[in-house]
file target_2.cif (mmCIF, C-alpha atoms)
data_start
loop_
_atom_site.label_atom_id
_atom_site.label_comp_id
_atom_site.auth_asym_id
_atom_site.auth_seq_id
_atom_site.Cartn_x
_atom_site.Cartn_y
_atom_site.Cartn_z
CA MET A 19 170.33 56.80 6.11
CA GLU A 20 169.98 57.39 2.38
CA TYR A 21 167.14 59.83 2.98
CA LEU A 22 169.01 61.60 5.76
CA LEU A 23 172.07 62.09 3.58
CA ALA A 24 169.95 63.42 0.71
CA PHE A 25 168.23 65.81 3.12
CA ALA A 26 171.46 67.02 4.69
CA VAL A 27 173.36 67.57 1.43
CA GLY A 28 170.37 69.08 -0.41
CA GLY A 29 169.78 71.29 2.63
CA LEU A 30 173.41 72.37 2.59
CA PHE A 31 173.02 73.58 -1.00
CA CYS A 32 170.05 75.66 0.18
CA VAL A 33 172.00 77.06 3.13
CA ILE A 34 174.78 78.17 0.77
CA GLY A 35 172.18 79.80 -1.49
CA GLN A 36 170.45 81.53 1.42
CA LEU A 37 173.76 82.84 2.79
CA LEU A 38 174.74 84.19 -0.63
CA PHE A 39 171.31 85.82 -0.87
CA ASP A 40 171.50 87.39 2.59
CA LEU A 41 175.16 88.37 2.75
CA THR A 42 176.07 89.42 -0.79
CA PRO A 43 174.57 92.08 -3.05
CA TRP A 44 173.99 89.44 -5.78
CA SER A 45 170.57 89.12 -7.37
CA PRO A 46 168.70 85.76 -7.49
CA GLY A 47 169.74 85.56 -11.16
CA HIS A 48 173.43 85.85 -10.25
CA ILE A 49 173.12 83.17 -7.57
CA LEU A 50 171.19 80.81 -9.84
CA THR A 51 173.74 81.02 -12.65
CA GLY A 52 176.52 80.77 -10.06
CA PHE A 53 175.13 77.40 -8.95
CA VAL A 54 174.86 76.18 -12.56
CA VAL A 55 178.44 77.21 -13.34
CA ALA A 56 179.76 75.71 -10.09
CA GLY A 57 177.93 72.43 -10.88
CA GLY A 58 179.44 72.50 -14.38
CA ILE A 59 182.97 72.96 -13.07
CA LEU A 60 182.58 70.22 -10.44
CA GLY A 61 181.12 67.96 -13.16
CA GLY A 62 183.99 68.77 -15.51
CA VAL A 63 186.57 67.59 -13.00
CA GLY A 64 184.46 64.55 -12.16
CA LEU A 65 183.50 65.50 -8.60
CA TYR A 66 179.78 66.09 -9.04
CA ASP A 67 178.99 62.48 -9.99
CA ARG A 68 180.71 61.30 -6.83
CA LEU A 69 178.56 63.74 -4.85
CA ILE A 70 175.44 62.27 -6.49
CA GLU A 71 176.62 58.74 -5.63
CA PHE A 72 177.07 59.88 -2.04
CA ALA A 73 173.90 61.95 -1.53
CA GLY A 74 171.50 60.81 -4.28
CA ALA A 75 168.64 63.24 -4.86
CA GLY A 76 170.25 65.66 -2.39
CA ALA A 77 172.82 66.46 -5.11
CA ALA A 78 170.84 65.49 -8.21
CA LEU A 79 167.90 67.82 -7.51
CA PRO A 80 169.48 71.28 -6.93
CA ILE A 81 170.11 73.49 -9.98
CA SER A 82 173.87 72.77 -9.78
CA SER A 83 173.01 69.31 -11.12
CA PHE A 84 171.79 71.01 -14.29
CA GLY A 85 175.26 72.52 -14.82
CA ASN A 86 176.78 69.08 -14.26
CA ALA A 87 174.42 67.52 -16.82
CA LEU A 88 175.22 70.22 -19.41
CA VAL A 89 178.96 69.57 -19.10
CA LYS A 90 178.61 65.78 -19.02
CA GLY A 91 176.45 65.77 -22.16
CA ALA A 92 178.94 68.00 -23.98
CA MET A 93 181.94 65.89 -22.88
CA ALA A 94 180.35 62.57 -23.84
CA GLU A 95 179.38 63.82 -27.30
CA ALA A 96 182.80 65.46 -27.75
CA ALA A 97 184.50 62.12 -26.99
CA GLN A 98 182.50 60.50 -29.82
CA ASN A 99 182.31 63.23 -32.46
CA GLY A 100 185.15 65.59 -31.68
CA ILE A 101 184.90 69.28 -30.88
CA ILE A 102 181.53 69.73 -32.65
CA GLY A 103 180.09 67.40 -30.02
CA VAL A 104 180.46 70.18 -27.44
CA LEU A 105 177.73 72.04 -29.33
CA THR A 106 175.49 69.08 -30.22
CA GLY A 107 175.80 67.32 -26.88
CA MET A 108 175.26 70.26 -24.55
CA PHE A 109 171.52 69.68 -24.22
CA GLU A 110 171.64 65.90 -24.73
CA LEU A 111 170.98 65.01 -21.10
CA THR A 112 169.00 68.10 -20.20
CA SER A 113 166.60 68.24 -23.14
CA ALA A 114 163.80 66.53 -21.21
CA GLY A 115 163.98 69.11 -18.43
CA ILE A 116 164.22 72.09 -20.77
CA THR A 117 161.40 70.88 -23.01
CA ALA A 118 159.20 70.12 -20.00
CA ALA A 119 159.81 73.65 -18.65
CA ILE A 120 158.81 75.20 -21.98
CA ILE A 121 155.71 73.01 -22.46
CA PHE A 122 154.42 73.34 -18.90
CA GLY A 123 155.25 77.06 -18.92
CA PHE A 124 153.26 77.45 -22.14
CA PHE A 125 150.19 75.65 -20.81
CA ALA A 126 150.32 77.50 -17.48
CA ALA A 127 150.45 80.80 -19.36
CA VAL A 128 147.51 79.81 -21.58
CA ILE A 129 145.32 78.54 -18.76
CA PHE A 130 146.04 80.87 -15.84
CA ASN A 131 146.05 84.60 -15.23
CA PRO A 132 148.29 86.30 -12.67
CA ARG A 133 146.40 87.22 -9.52
CA GLY A 134 149.02 89.29 -7.74
CA MET B 2 156.51 138.90 -7.25
CA SER B 3 153.94 136.72 -5.50
CA ALA B 4 156.08 133.69 -4.73
CA ALA B 5 159.24 134.80 -2.94
CA LYS B 6 162.33 132.65 -2.91
CA ASN B 7 164.04 132.05 0.42
CA GLY B 8 167.53 130.68 -0.08
CA ALA B 9 168.43 128.26 -2.82
CA HIS B 10 165.57 125.77 -2.52
CA THR B 11 162.55 127.22 -0.73
CA PHE B 12 159.69 129.33 -2.06
CA SER B 13 157.11 131.09 0.12
CA ILE B 14 153.73 130.80 -1.53
CA GLU B 15 152.57 134.33 -0.83
CA LYS B 16 149.41 134.60 -2.93
CA PRO B 17 147.27 131.94 -1.21
CA VAL B 18 146.98 128.48 -2.74
CA TYR B 19 144.87 125.84 -0.99
CA LEU B 20 144.76 122.10 -0.97
CA SER B 21 140.99 122.08 -1.38
CA PHE B 22 139.62 118.66 -2.36
CA THR B 23 141.14 115.19 -2.37
CA GLY B 24 140.38 111.67 -3.52
CA ALA B 25 142.11 108.62 -2.03
CA ILE B 26 141.58 105.13 -3.48
CA ALA B 27 143.26 102.26 -1.63
CA GLY B 28 143.98 98.65 -2.53
CA PRO B 29 142.83 95.63 -0.50
CA LYS B 30 145.89 95.33 1.75
CA GLU B 31 145.94 99.09 2.41
CA GLY B 32 142.23 98.87 3.28
CA LYS B 33 143.16 96.59 6.18
CA GLY B 34 145.71 99.09 7.50
CA PRO B 35 145.34 101.53 10.40
CA LEU B 36 144.43 104.54 8.20
CA ALA B 37 141.64 102.78 6.29
CA PRO B 38 138.80 105.00 7.67
CA ASP B 39 140.39 107.99 5.91
CA TYR B 40 140.34 106.53 2.40
CA ASP B 41 137.40 107.43 0.19
CA VAL B 42 137.24 104.01 -1.45
CA VAL B 43 138.88 100.67 -0.63
CA LYS B 44 139.13 98.22 -3.54
CA GLN B 45 138.74 94.54 -2.75
CA ASP B 46 140.20 93.28 -6.04
CA LEU B 47 143.79 94.03 -7.10
CA LYS B 48 142.71 93.95 -10.74
CA LEU B 49 139.48 95.98 -10.38
CA GLY B 50 137.95 93.62 -12.92
CA GLN B 51 140.48 94.68 -15.58
CA LYS B 52 142.64 92.47 -17.77
CA SER B 53 145.92 93.69 -16.30
CA PHE B 54 147.29 95.32 -13.15
CA GLU B 55 148.43 98.27 -15.26
CA LYS B 56 144.87 98.91 -16.47
CA ALA B 57 143.63 98.55 -12.90
CA GLU B 58 146.08 101.23 -11.78
CA ARG B 59 144.83 103.56 -14.53
CA MET B 60 141.29 103.00 -13.35
CA MET B 61 142.22 103.85 -9.77
CA MET B 62 143.84 107.12 -10.83
CA LYS B 63 140.79 108.12 -12.86
CA GLU B 64 138.47 107.29 -9.97
CA ALA B 65 140.59 109.35 -7.55
CA CYS B 66 140.57 112.32 -9.96
CA ASP B 67 136.83 112.11 -10.58
CA LEU B 68 136.25 111.97 -6.84
CA ALA B 69 138.37 115.05 -6.10
CA LEU B 70 136.61 116.93 -8.93
CA SER B 71 133.14 115.92 -7.80
CA LYS B 72 133.77 116.97 -4.19
CA GLY B 73 134.36 120.50 -5.48
CA ASN B 74 131.57 120.28 -8.06
CA TYR B 75 134.06 120.96 -10.80
CA ARG B 76 133.92 119.93 -14.41
CA PRO B 77 137.35 119.10 -15.84
CA GLU B 78 137.17 122.27 -17.97
CA ASP B 79 137.10 124.36 -14.76
CA LEU B 80 140.70 123.34 -14.11
CA ASP B 81 143.76 124.98 -15.64
CA TYR B 82 146.20 122.07 -15.38
CA PHE B 83 146.32 118.34 -14.87
CA ILE B 84 149.67 117.54 -13.24
CA ALA B 85 150.33 113.84 -12.72
CA GLY B 86 153.06 111.26 -12.42
CA ASP B 87 153.43 107.57 -11.59
CA LEU B 88 156.05 104.82 -11.53
CA LEU B 89 155.44 102.97 -14.78
CA ASN B 90 157.62 103.49 -17.86
CA GLN B 91 156.66 106.61 -19.83
CA ILE B 92 154.38 107.51 -16.88
CA THR B 93 151.77 105.40 -18.67
CA VAL B 94 149.12 105.65 -15.97
CA SER B 95 149.20 109.45 -15.93
CA GLY B 96 149.36 109.77 -19.71
CA TYR B 97 146.34 107.56 -20.28
CA SER B 98 144.44 109.16 -17.39
CA ALA B 99 145.04 112.57 -18.97
CA LEU B 100 143.02 111.39 -21.99
CA ASN B 101 139.93 111.73 -19.78
CA TYR B 102 140.45 115.42 -19.09
CA PRO B 103 140.52 117.97 -21.93
CA ILE B 104 142.83 120.38 -20.09
CA PRO B 105 146.58 121.12 -20.34
CA PHE B 106 148.55 118.11 -19.07
CA LEU B 107 151.92 118.28 -17.34
CA GLY B 108 153.43 114.81 -16.90
CA ILE B 109 156.03 114.73 -14.13
CA TYR B 110 158.44 112.14 -12.79
CA GLY B 111 159.83 112.39 -9.29
CA ALA B 112 159.33 108.66 -8.64
CA CYS B 113 157.63 108.33 -5.25
CA ALA B 114 158.02 112.08 -4.66
CA ASN B 115 155.36 112.78 -7.29
CA LEU B 116 152.86 114.00 -4.68
CA THR B 117 154.91 116.92 -3.42
CA GLN B 118 156.51 117.54 -6.81
CA SER B 119 153.08 118.08 -8.37
CA MET B 120 151.87 120.03 -5.34
CA GLY B 121 154.92 122.30 -5.43
CA LEU B 122 154.71 122.87 -9.16
CA GLY B 123 150.95 123.53 -9.01
CA ALA B 124 151.29 125.91 -6.06
CA LEU B 125 154.04 127.89 -7.82
CA LEU B 126 151.96 128.18 -11.00
CA ILE B 127 148.79 129.29 -9.25
CA SER B 128 150.51 131.59 -6.79
CA GLY B 129 152.36 133.15 -9.70
CA GLY B 130 149.03 134.02 -11.22
CA TYR B 131 149.18 131.42 -13.97
CA GLY B 132 145.81 129.83 -13.37
CA GLU B 133 143.22 129.37 -10.62
CA ARG B 134 142.99 125.63 -10.11
CA ALA B 135 144.97 122.48 -10.84
CA LEU B 136 144.19 118.79 -10.63
CA LEU B 137 147.06 116.70 -9.23
CA ALA B 138 147.30 112.91 -9.29
CA THR B 139 149.68 110.07 -8.59
CA SER B 140 149.41 106.31 -8.13
CA SER B 141 151.28 103.07 -7.63
CA HIS B 142 150.26 99.41 -7.80
CA ASN B 143 152.09 96.63 -6.04
CA CYS B 144 151.93 94.17 -8.93
CA SER B 145 152.75 96.58 -11.78
CA ALA B 146 155.63 98.20 -9.87
CA GLU B 147 157.15 94.92 -8.66
CA ARG B 148 157.02 93.53 -12.21
CA GLN B 149 158.75 96.54 -13.69
CA TYR B 150 161.32 97.28 -10.99
CA ARG B 151 162.08 93.90 -9.46
CA TYR B 152 160.33 90.62 -10.33
CA PRO B 153 156.76 89.66 -11.20
CA THR B 154 155.10 88.52 -7.98
CA GLU B 155 154.42 85.05 -9.47
CA TYR B 156 158.19 84.52 -9.63
CA GLY B 157 158.14 84.17 -5.85
CA PHE B 158 161.24 86.30 -5.24
CA GLN B 159 162.34 86.15 -1.62
CA LYS B 160 162.44 89.67 -0.22
CA PRO B 161 165.16 90.63 2.26
CA CYS B 162 163.91 91.95 5.60
CA HIS B 163 164.94 95.54 4.79
CA ALA B 164 162.86 95.53 1.58
CA GLN B 165 159.57 97.42 1.30
CA TRP B 166 156.12 96.70 -0.04
CA THR B 167 154.80 98.86 -2.92
CA VAL B 168 151.51 100.42 -1.88
CA THR B 169 148.49 99.89 -4.15
CA GLY B 170 146.44 103.03 -4.43
CA ALA B 171 145.88 106.37 -6.11
CA GLY B 172 145.50 109.88 -4.79
CA ALA B 173 144.23 113.02 -6.49
CA ALA B 174 143.83 116.58 -5.29
CA VAL B 175 142.37 119.83 -6.54
CA ILE B 176 144.42 122.84 -5.48
CA THR B 177 142.78 126.23 -5.85
CA ALA B 178 143.32 129.93 -5.23
CA ASP B 179 140.00 130.27 -3.42
CA VAL B 180 138.82 127.27 -1.35
CA PRO B 181 140.34 127.36 2.18
CA PRO B 182 141.31 126.37 4.85
CA VAL B 183 144.33 124.08 4.15
CA ARG B 184 146.91 126.42 2.70
CA ILE B 185 150.13 125.45 0.93
CA THR B 186 152.56 127.91 2.50
CA THR B 187 156.04 126.91 1.37
CA VAL B 188 157.64 124.63 -1.20
CA THR B 189 161.19 123.31 -0.85
CA LEU B 190 162.59 121.74 -4.00
CA GLY B 191 165.39 119.32 -3.14
CA GLU B 192 168.31 118.35 -5.31
CA LEU B 193 169.41 114.88 -6.35
CA ALA B 194 171.58 113.03 -3.85
CA ASP B 195 173.58 109.93 -4.77
CA LEU B 196 175.36 108.15 -1.95
CA GLY B 197 176.29 105.15 -4.06
CA MET B 198 173.47 102.81 -3.00
CA ARG B 199 173.07 99.97 -5.48
CA ASP B 200 170.55 97.65 -3.83
CA PRO B 201 167.13 97.99 -5.55
CA ALA B 202 165.54 96.25 -2.54
CA CYS B 203 166.82 98.94 -0.19
CA LEU B 204 165.45 102.21 -1.54
CA GLY B 205 164.60 103.63 1.90
CA THR B 206 168.31 103.88 2.67
CA ALA B 207 168.98 105.49 -0.71
CA MET B 208 166.26 108.11 -0.11
CA ALA B 209 166.88 108.96 3.57
CA PRO B 210 169.78 111.40 2.89
CA ALA B 211 167.64 113.25 0.31
CA ALA B 212 164.75 113.48 2.79
CA ALA B 213 167.01 114.78 5.56
CA ALA B 214 168.64 117.28 3.18
CA ALA B 215 165.26 118.66 2.02
CA MET B 216 164.15 119.06 5.65
CA VAL B 217 167.39 120.82 6.61
CA TYR B 218 167.07 123.18 3.61
CA HIS B 219 163.48 123.86 4.64
CA PHE B 220 164.33 124.62 8.29
CA GLU B 221 167.38 126.74 7.41
CA GLU B 222 165.75 128.73 4.63
CA THR B 223 162.45 129.42 6.43
CA GLY B 224 163.98 129.93 9.87
CA ARG B 225 161.48 127.40 11.21
CA ASP B 226 162.25 124.72 13.73
CA PRO B 227 160.77 121.18 13.73
CA SER B 228 158.66 122.25 16.74
CA PHE B 229 156.84 124.74 14.46
CA TYR B 230 154.95 121.72 13.06
CA ASP B 231 152.36 119.42 14.57
CA ALA B 232 153.36 116.69 12.15
CA ILE B 233 156.29 116.06 9.82
CA VAL B 234 155.96 113.12 7.44
CA SER B 235 158.43 111.74 4.95
CA GLY B 236 157.21 109.79 1.93
CA ASP B 237 158.25 106.16 1.85
CA LEU B 238 161.51 105.59 3.70
CA GLY B 239 160.15 102.63 5.65
CA GLN B 240 161.41 101.70 9.11
CA VAL B 241 165.06 101.37 8.02
CA GLY B 242 165.16 104.67 6.11
CA LYS B 243 163.18 106.50 8.79
CA GLU B 244 165.71 105.64 11.49
CA LEU B 245 168.52 106.74 9.18
CA ALA B 246 166.74 110.05 8.46
CA ILE B 247 166.24 110.73 12.20
CA ASP B 248 169.93 110.07 12.75
CA LEU B 249 171.01 112.32 9.85
CA LEU B 250 168.75 115.15 11.10
CA PHE B 251 170.07 114.76 14.62
CA ARG B 252 173.63 115.14 13.36
CA ARG B 253 172.62 118.40 11.69
CA GLY B 254 171.21 119.64 14.98
CA TYR B 255 167.51 118.94 14.46
CA ASN B 256 165.62 116.75 16.90
CA VAL B 257 162.41 115.84 15.10
CA GLY B 258 161.25 113.65 17.99
CA ASP B 259 157.71 112.34 18.13
CA ILE B 260 156.23 114.69 15.54
CA TYR B 261 158.10 112.97 12.72
CA ASN B 262 156.80 109.84 11.06
CA ASP B 263 157.09 108.13 7.69
CA CYS B 264 154.09 107.41 5.48
CA GLY B 265 155.56 104.00 4.62
CA THR B 266 155.48 103.00 8.28
CA MET B 267 152.05 104.56 8.98
CA ILE B 268 150.11 102.82 6.25
CA TYR B 269 150.28 99.18 7.43
CA TYR B 270 150.06 97.32 10.74
CA PRO B 271 153.26 95.50 11.73
CA HIS B 272 151.48 92.14 11.36
CA GLN B 273 150.75 92.81 7.68
CA GLN B 274 154.20 91.45 6.74
CA VAL B 275 155.53 94.36 4.73
CA ASN B 276 159.10 94.08 6.06
CA SER B 277 160.47 97.63 6.40
CA GLY B 278 157.14 99.24 5.39
CA GLY B 279 155.25 100.64 2.43
CA SER B 280 156.74 102.35 -0.62
CA GLY B 281 155.53 103.86 -3.87
CA CYS B 282 153.79 107.08 -4.88
CA ALA B 283 150.59 105.92 -3.22
CA ALA B 284 152.25 105.69 0.22
CA SER B 285 152.48 109.47 0.64
CA ALA B 286 149.38 110.09 -1.51
CA LEU B 287 147.09 107.93 0.66
CA VAL B 288 148.49 109.13 4.00
CA VAL B 289 148.61 112.83 3.09
CA LEU B 290 145.47 113.16 0.94
CA GLY B 291 143.47 110.82 3.19
CA ASN B 292 144.55 111.02 6.81
CA LEU B 293 146.64 114.20 7.04
CA PHE B 294 144.26 116.30 4.92
CA ARG B 295 141.29 115.35 7.11
CA ARG B 296 143.19 116.16 10.31
CA LEU B 297 144.34 119.50 8.89
CA SER B 298 140.93 120.56 7.61
CA GLN B 299 139.21 119.59 10.88
CA GLY B 300 141.79 121.51 12.90
CA GLU B 301 143.00 118.39 14.71
CA ILE B 302 146.47 119.51 13.64
CA ASN B 303 147.33 122.92 12.23
CA ARG B 304 150.71 122.69 10.60
CA ALA B 305 152.25 119.82 8.71
CA LEU B 306 155.40 119.38 6.66
CA VAL B 307 155.20 116.74 3.93
CA VAL B 308 158.50 115.50 2.51
CA ALA B 309 157.77 112.96 -0.22
CA THR B 310 160.86 111.06 -1.33
CA GLY B 311 161.74 109.47 -4.64
CA ALA B 312 164.43 107.05 -5.78
CA MET B 313 165.37 107.60 -9.42
CA HIS B 314 165.76 103.85 -9.73
CA SER B 315 166.21 102.50 -13.25
CA PRO B 316 166.50 98.69 -13.49
CA THR B 317 168.58 99.11 -16.66
CA ALA B 318 171.04 101.55 -15.05
CA CYS B 319 171.21 99.27 -11.99
CA LEU B 320 172.09 96.22 -14.13
CA GLN B 321 174.77 98.32 -15.82
CA GLY B 322 176.35 98.99 -12.42
CA ASP B 323 175.04 102.49 -11.70
CA SER B 324 173.97 103.52 -8.21
CA ILE B 325 170.52 104.89 -7.33
CA PRO B 326 170.16 108.67 -6.89
CA ALA B 327 167.29 110.03 -4.82
CA LEU B 328 165.43 113.27 -4.27
CA ALA B 329 162.83 114.83 -1.98
CA TYR B 330 160.47 117.78 -2.13
CA ALA B 331 158.99 119.37 1.00
CA VAL B 332 155.64 121.17 1.10
CA SER B 333 154.22 122.81 4.22
CA LEU B 334 150.46 122.74 4.79
CA GLU B 335 148.76 124.98 7.33
CA ASN B 336 145.19 125.41 8.49
CA GLU B 337 144.57 129.09 7.85
CA THR B 338 141.71 129.50 10.31
CA SER B 339 143.91 128.64 13.30
CA GLN B 340 146.37 131.48 12.76
#
call {"tool": "encode", "arguments": {"input": "target_2.cif", "output": "C-alpha cells"}}
result
Amino acid sequence: MEYLLAFAVGGLFCVIGQLLFDLTPWSPGHILTGFVVAGGILGGVGLYDRLIEFAGAGAALPISSFGNALVKGAMAEAAQNGIIGVLTGMFELTSAGITAAIIFGFFAAVIFNPRG
Amino acid sequence: MSAAKNGAHTFSIEKPVYLSFTGAIAGPKEGKGPLAPDYDVVKQDLKLGQKSFEKAERMMMKEACDLALSKGNYRPEDLDYFIAGDLLNQITVSGYSALNYPIPFLGIYGACANLTQSMGLGALLISGGYGERALLATSSHNCSAERQYRYPTEYGFQKPCHAQWTVTGAGAAVITADVPPVRITTVTLGELADLGMRDPACLGTAMAPAAAAAMVYHFEETGRDPSFYDAIVSGDLGQVGKELAIDLLFRRGYNVGDIYNDCGTMIYYPHQQVNSGGSGCAASALVVLGNLFRRLSQGEINRALVVATGAMHSPTACLQGDSIPALAYAVSLENETSQ
C-alpha cells in the first residue's frame, strides 16, 4: 500500500508536469521553477509535510520537495536566529543535494564528452 | 539591363546563370534516409573526429565546398565570390570556412533560407555581369543548432510532437555563367512575415506564411501557374508547416497538389522519429543540391521551384517576449536542353 501510494502521488506530479508541458507555452525551465515555488508555498503553509507523511517518496522525490526543503530550512533558522536566519538557513536542508549536484556534475564533465 | 525585375519581388535572370556543380555531405541519420543515394558523402560520426560539433560542422562545409570545386576542376582563385551562411552565432561556420578560400567572401544570414538567398544573390551578381562564377555554401548540425537554439541534447529535453529535427549536413554549389544545363531562371526575394508565433519548437508554423507568400509573389509576378513546374519544394516546414502552406496557397487560389513537397518531410523516413520532419539549412541544401539537382541535370524533371524558408529565431529575443519573424526566397531552376 505504501508503495502504491508513493507511485500514485509521484505519478500525479508527473502528470501535472506533462500536462503543463503539452498544453501551455511554458518552457521546461518555467515548469521546473513553478514546481519549486509551488512546493515552497505548500511547505510554508505546512501542507507539504503532510503530503510526505501520506505518500512518502512519492512526494519527497519530485522537485517540489526541494522548494519545501528550502522554505523549511529558512523558517527553522529564522525561528532560532531571527530574520537573518532566512538567509543562512535557506540551504541548510538542501546543501547535500546541491553539493552532490555540483560535485557529480564536475566529475561527469571532466570524464565524459558529449556524443550527440 | 540583364536582370529584369517583374513586380516588387521577382527578377528574371536574363543573362544565363547555371547551377553547375554541387557537393552534398550528410550526417549519419540523414544517410539512413530515403535520399541517401544522392548525397556525395555520408558521415558515420557526428563529430567527424573533431573536438566539438561546431568544428565538425566547419569540416563538413569545407568538404562540400572542395567537392563542388573539384567536380568543376576549379581552383578557389577561379571563383569571384564565396557566398555562405549558417545557423551559428556570427555565422561562425561560414566565416571560418572562408579562411580556406582566398576570394571575396559575402557572409549572409537568412537562417534556413540560406540556400536560396545565396543562390539568388549569386545569380543576380553574375547575371548583372559582376563576375563569372560563385561558390555557395550552407550547413547545419543537429547538436550545434540544438545547443544554441534550444537545449544541449544531453539535457534530454522532451520534444513536442510538432517539433522538428535539425538536419546534420552541408551543401555547396558552384554557379557559373557558362556550364549548363541547369539554369537559374528567376529569383523571388520574399519579405519578412511575423504572425506572432512565439514557440521556438514550432518554427514550421512560423515559416509557412512566408513560404506561401513567396510562392504567391512568384506566381503572380511571373504569370506562371504551379502546373508550370514538375516539382515545387519548400525548405523546412515539416509536416505541420507543409499542410499549413498548402492550405494558405489554396485560399489564394493556387492548388499545388502532388507536385509540391517539403524538404523537411522528404529527407527522413517516418520511422526515423523526427516528429514533424527535418529542419535547418542542410534540409534544403541536401535535398536540392543532392536529389533535385541530379534529377534536373539528368532530365528526369525539367522545371523546379525551390522555396527555402528561414525563421529569424533569436533565443534572446524569444526570452524577452518577442515573436519569431520568418522569410522565404524562391528560385526557379530549369533544364535548358529540354526547352
call {"tool": "resolve_selection", "arguments": {"input": "target_2.cif", "expression": "the PyMOL selection byres ((chain B and resi 111) around 8)", "output": "list of chain:residue names"}}
result
B:Gly86, B:Ile109, B:Tyr110, B:Ala112, B:Cys113, B:Ala114, B:Asn115, B:Gln118, B:Gly311, B:Ala312, B:Met313, B:Leu328
call {"tool": "residues_around", "arguments": {"input": "target_2.cif", "residues": "Asp40 (chain A)", "least_positions_apart": "5", "cutoff": "10 Å", "atoms": "all atoms listed in the file", "output": "mmCIF file with C-alpha atoms, in the frame of the given file"}}
result
data_model
loop_
_atom_site.group_PDB
_atom_site.id
_atom_site.type_symbol
_atom_site.label_atom_id
_atom_site.label_comp_id
_atom_site.auth_asym_id
_atom_site.auth_seq_id
_atom_site.Cartn_x
_atom_site.Cartn_y
_atom_site.Cartn_z
ATOM 1 C CA ILE A 34 174.780 78.170 0.770
ATOM 2 C CA GLY A 35 172.180 79.800 -1.490
ATOM 3 C CA LYS B 160 162.440 89.670 -0.220
ATOM 4 C CA PRO B 161 165.160 90.630 2.260
ATOM 5 C CA CYS B 162 163.910 91.950 5.600
#
call {"tool": "closest_residue", "arguments": {"input": "target_2.cif", "among": "A:Pro43, A:Gly107, A:Gly76, A:Gly123", "to": "Arg199 (chain B)", "atoms": "all atoms listed in the file"}}
result
A:Pro43
call {"tool": "closest_residue", "arguments": {"input": "target_2.cif", "among": "A:Val54, A:Leu105, A:Ala73, A:Ala119", "to": "Met19 (chain A)", "atoms": "all atoms listed in the file"}}
result
A:Ala73
call {"tool": "closest_residue", "arguments": {"input": "target_2.cif", "among": "B:Phe158, B:Tyr97, B:Tyr82, B:Tyr75", "to": "chain A", "atoms": "only C-alpha atoms"}}
result
B:Phe158
call {"tool": "resolve_selection", "arguments": {"input": "target_2.cif", "expression": "the PyMOL selection byres ((chain A) within 12 of (chain B))", "output": "number ranges by chain"}}
result
A: 35-48, 126-127, 130-134
call {"tool": "resolve_selection", "arguments": {"input": "target_2.cif", "expression": "the PyMOL selection byres ((chain B and resi 240) around 8)", "output": "PyMOL selection string"}}
result
chain B and resi 238-239+241-244+263+265-266+277-278
call {"tool": "residues_around", "arguments": {"input": "target_2.cif", "residues": "Gly91 (chain A)", "least_positions_apart": "3", "cutoff": "9 Å", "atoms": "all atoms listed in the file", "output": "ChimeraX atom specification"}}
result
/A:86-88,94-96,103-104,106-112
call {"tool": "closest_residue", "arguments": {"input": "target_2.cif", "among": "B:Asp39, B:Ala138, B:Ser21, B:Gly130", "to": "Lys63 (chain B)", "atoms": "only C-alpha atoms"}}
result
B:Ala138
call {"tool": "atom_distance", "arguments": {"input": "target_2.cif", "atom1": "CA of Gly291 (chain B)", "atom2": "CA of Ala25 (chain B)"}}
result
5.8 Å
call {"tool": "closest_residue", "arguments": {"input": "target_2.cif", "among": "A:Ala97, A:Ala92, A:Ile120, A:Ala77", "to": "Phe25 (chain A)", "atoms": "all atoms listed in the file"}}
result
A:Ala77
call {"tool": "atom_distance", "arguments": {"input": "target_2.cif", "atom1": "CA of Ser333 (chain B)", "atom2": "CA of Leu80 (chain B)"}}
result
22.8 Å
call {"tool": "closest_residue", "arguments": {"input": "target_2.cif", "among": "B:Val94, B:Ile26, B:Ala214, B:Leu136", "to": "Thr169 (chain B)", "atoms": "all atoms listed in the file"}}
result
B:Ile26
call {"tool": "residues_near_point", "arguments": {"input": "target_2.cif", "point": "(148.4, 130.0, 8.0)", "cutoff": "12 Å", "atoms": "all atoms listed in the file", "output": "PyMOL selection string"}}
result
chain B and resi 13-19+181-187+229-230+297+300+303-305+333-340
call {"tool": "atom_distance", "arguments": {"input": "target_2.cif", "atom1": "CA of Val42 (chain B)", "atom2": "CA of Ala85 (chain B)"}}
result
19.9 Å
call {"tool": "decode", "arguments": {"input": "target_2.cif", "residues": "region 192-203 of chain B", "atoms": "C-alpha atoms", "output": "PDB file, in the first residue's frame"}}
result
ATOM      1  CA  GLU B 192       9.812  39.906 -47.264  1.00  0.00           C
ATOM      2  CA  LEU B 193       9.718  39.227 -43.538  1.00  0.00           C
ATOM      3  CA  ALA B 194       6.409  37.964 -42.186  1.00  0.00           C
ATOM      4  CA  ASP B 195       5.591  37.945 -38.472  1.00  0.00           C
ATOM      5  CA  LEU B 196       2.339  36.318 -37.455  1.00  0.00           C
ATOM      6  CA  GLY B 197       3.120  36.434 -33.757  1.00  0.00           C
ATOM      7  CA  MET B 198       4.391  32.862 -33.321  1.00  0.00           C
ATOM      8  CA  ARG B 199       6.378  32.523 -30.108  1.00  0.00           C
ATOM      9  CA  ASP B 200       7.034  28.796 -29.815  1.00  0.00           C
ATOM     10  CA  PRO B 201      10.683  28.018 -30.709  1.00  0.00           C
ATOM     11  CA  ALA B 202       9.732  24.342 -31.098  1.00  0.00           C
ATOM     12  CA  CYS B 203       7.198  25.183 -33.785  1.00  0.00           C
TER      13      CYS B 203
END
